[in-house]
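Note sheet for the following structure.
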Amino acid sequence: QLQLVESGGRLVRAGGSLRLSCVASGRTFRHYAMAWFRQAPGKEREFVTVLRWSGASYYGDSVKGRFIISRVNAMNTVYLQMNNLKPEDTALYFCAAARDYESNNTDSYFFEPSYNVWGQGTQVTVSS
């Protein structure tokens with residue numbers, strides 16, 4: 001069973017940068033699509049980004065151009081580089097994994113039900 005542990009969240013000033021990490025254990029995360037979602041207080045969980053096994057990456061409109069997802073397969077780790085952070089980026093950030101099949105529509109990976117493995121989350125707070 002794949003397990004995910006996020007880290008790297010902390011308090012940062014607006015305009016700053018932060019890198020989150022998500023380490024997978026229990027089994028290899030080869031052939032998994034890896035994603036980040038976030039949930040702000042009082043709001044629904046929101047798609048941030050996904051990196052498919054093919055290497056293709058996709059981003060939510062609110063983070064496009066500021067956030068970058070990457071993975072180091074040898075370390076079973078996925079990263080989320082967050083630049084030019086804004087107070088509205090404040091949220092609990094979750095890492096998620098789903099088996100990636102080439103035949104799957106990419107759009108499906110923008111939604112929570114596609115993912116069956118989730119981490120516990122790491123808190124990011126951006127002060128103005």
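Labels for the structure tokens follow display order: chains A, B, ..., residues from 1 in each chain, ligands from 1.
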With only C-alpha atoms as the counted atoms, please give the residues lying no more than 8 Å from Gln81 (chain A), apart from itself and same-chain residues fewer than 2 positions off, as JSON, numbers by chain. {"A": [17, 18, 19, 20, 67, 68, 69, 79, 83]}
Close residues, Gly65 (chain A) itself excluded, 12 Å, only C-alpha atoms, min 4 positions apart in chain, as number ranges by chain: A: 48-49, 58-61, 69, 81-85
For Val126 (chain A): contacts at 8 Å, only C-alpha atoms, fewer than 6 positions along chain excluded, given as an mmCIF file with N, CA and C atoms, in the first residue's frame:
```
data_model
loop_
_atom_site.group_PDB
_atom_site.id
_atom_site.type_symbol
_atom_site.label_atom_id
_atom_site.label_comp_id
_atom_site.auth_asym_id
_atom_site.auth_seq_id
_atom_site.Cartn_x
_atom_site.Cartn_y
_atom_site.Cartn_z
ATOM 1 N N LEU A 11 5.139 29.300 7.787
ATOM 2 C CA LEU A 11 4.720 30.682 7.609
ATOM 3 C C LEU A 11 5.743 31.399 6.721
ATOM 4 N N VAL A 12 5.231 32.093 5.713
ATOM 5 C CA VAL A 12 6.102 32.825 4.786
ATOM 6 C C VAL A 12 5.428 34.135 4.419
ATOM 7 N N ARG A 13 6.215 35.147 4.089
ATOM 8 C CA ARG A 13 5.658 36.434 3.720
ATOM 9 C C ARG A 13 5.219 36.434 2.257
ATOM 10 N N ALA A 14 4.269 37.262 1.949
ATOM 11 C CA ALA A 14 3.809 37.399 0.571
ATOM 12 C C ALA A 14 4.987 37.778 -0.320
ATOM 13 N N LEU A 85 4.384 33.861 -3.610
ATOM 14 C CA LEU A 85 3.238 33.442 -2.818
ATOM 15 C C LEU A 85 2.356 34.617 -2.424
ATOM 16 N N LYS A 86 1.063 34.343 -2.359
ATOM 17 C CA LYS A 86 0.062 35.348 -2.024
ATOM 18 C C LYS A 86 -0.708 34.886 -0.785
ATOM 19 N N PRO A 87 -1.296 35.816 -0.048
ATOM 20 C CA PRO A 87 -2.085 35.416 1.124
ATOM 21 C C PRO A 87 -3.172 34.405 0.775
ATOM 22 N N GLU A 88 -3.721 34.490 -0.421
ATOM 23 C CA GLU A 88 -4.769 33.540 -0.814
ATOM 24 C C GLU A 88 -4.236 32.141 -1.086
ATOM 25 N N ASP A 89 -2.927 31.956 -1.047
ATOM 26 C CA ASP A 89 -2.348 30.615 -1.150
ATOM 27 C C ASP A 89 -2.343 29.900 0.203
ATOM 28 N N THR A 90 -2.709 30.607 1.250
ATOM 29 C CA THR A 90 -2.765 29.999 2.581
ATOM 30 C C THR A 90 -3.757 28.848 2.591
#
```
Quick one: residues within 9 Å of region 118-121 of chain A, only C-alpha atoms, excluding same-chain residues fewer than 2 positions away - as a list in words? Gln3, Leu4, Val5, Glu6, Ser7, Gly9, Cys22, Arg38, Leu92, Tyr93, Phe94, Cys95, Ala96, Ala97, Tyr115, Asn116 and Gln123 of chain A
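Between Ser114 (chain A) and the candidates A:Val63, A:Val23, A:Val72, A:Ala35, the tightest atom-to-atom separation, counting only C-alpha atoms, involves A:Ala35.
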Can you pull out the residues contacting Tyr32 (chain A)? Cut-off 12 Å, using only C-alpha atoms, and skip same-chain residues under 5 positions away; I want them as an MDAnalysis selection string. chainID A and resid 2 24 27 50:55 71 73 76:78 96:102 109 114:117
Gap from CA of Pro41 (chain A) to CA of Thr106 (chain A) - Å, one decimal: 28.0 Å
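For chain A, backbone-based DSSP labels the following residues as helix (DSSP H, G or I): A:Asn73, A:Ala74, A:Met75, A:Pro87, A:Glu88, A:Asp89, A:Thr106, A:Asp107, A:Ser108, A:Tyr109, A:Phe110, A:Glu112, A:Pro113, A:Ser114.
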Take the residues from that selection and put them in a file with N, CA and C atoms, as a compact mmCIF listing (two decimals), in the first residue's frame.
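See part.txt below for the written result:
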```
# COMPACT_ATOMS: atom_id res chain seq x y z
N ASN A 73 12.12 10.22 -9.19
CA ASN A 73 11.63 8.85 -9.03
C ASN A 73 12.55 8.01 -8.16
N ALA A 74 13.85 8.23 -8.28
CA ALA A 74 14.80 7.43 -7.49
C ALA A 74 14.63 7.66 -6.00
N MET A 75 14.05 8.81 -5.64
CA MET A 75 13.84 9.14 -4.22
C MET A 75 12.37 9.01 -3.83
N PRO A 87 -1.30 35.82 -0.05
CA PRO A 87 -2.08 35.42 1.12
C PRO A 87 -3.17 34.41 0.78
N GLU A 88 -3.72 34.49 -0.42
CA GLU A 88 -4.77 33.54 -0.81
C GLU A 88 -4.24 32.14 -1.09
N ASP A 89 -2.93 31.96 -1.05
CA ASP A 89 -2.35 30.61 -1.15
C ASP A 89 -2.34 29.90 0.20
N THR A 106 -7.03 13.13 -19.19
CA THR A 106 -6.27 13.98 -18.27
C THR A 106 -7.18 14.73 -17.32
N ASP A 107 -8.32 15.18 -17.80
CA ASP A 107 -9.24 15.95 -16.96
C ASP A 107 -9.62 15.22 -15.68
N SER A 108 -9.64 13.90 -15.75
CA SER A 108 -10.04 13.14 -14.56
C SER A 108 -9.09 13.36 -13.40
N TYR A 109 -7.85 13.70 -13.70
CA TYR A 109 -6.86 13.88 -12.65
C TYR A 109 -6.95 15.25 -11.99
N PHE A 110 -7.90 16.06 -12.41
CA PHE A 110 -8.11 17.35 -11.77
C PHE A 110 -9.08 17.24 -10.58
N GLU A 112 -10.72 15.14 -7.08
CA GLU A 112 -10.38 14.29 -5.94
C GLU A 112 -10.74 12.82 -6.09
N PRO A 113 -11.91 12.48 -6.62
CA PRO A 113 -12.29 11.05 -6.67
C PRO A 113 -11.34 10.16 -7.46
N SER A 114 -10.50 10.77 -8.29
CA SER A 114 -9.56 9.97 -9.06
C SER A 114 -8.41 9.45 -8.21
```
Step one, run DSSP on the backbone; step two, keep only residues of chain A assigned to strand (DSSP E); then write them as JSON, numbers by chain. {"A": [3, 4, 5, 6, 7, 11, 12, 13, 18, 19, 20, 21, 22, 23, 24, 25, 32, 33, 34, 35, 36, 37, 38, 39, 46, 47, 48, 49, 50, 51, 57, 58, 59, 67, 68, 69, 70, 71, 72, 77, 78, 79, 80, 81, 82, 91, 92, 93, 94, 95, 96, 97, 98, 99, 117, 118, 122, 123, 124, 125, 126, 127]}
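Note that CA of Gly8 (chain A) and CA of Ser21 (chain A) are 6.1 Å apart.
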Of A:Ala40, A:Ala33, A:Ser62, A:Thr125, the one sitting nearest Asn104 (chain A) when using only C-alpha atoms is A:Ala33
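Rounded to one decimal, CA of Trp36 (chain A) and CA of Ala91 (chain A) lie 11.7 Å from each other.
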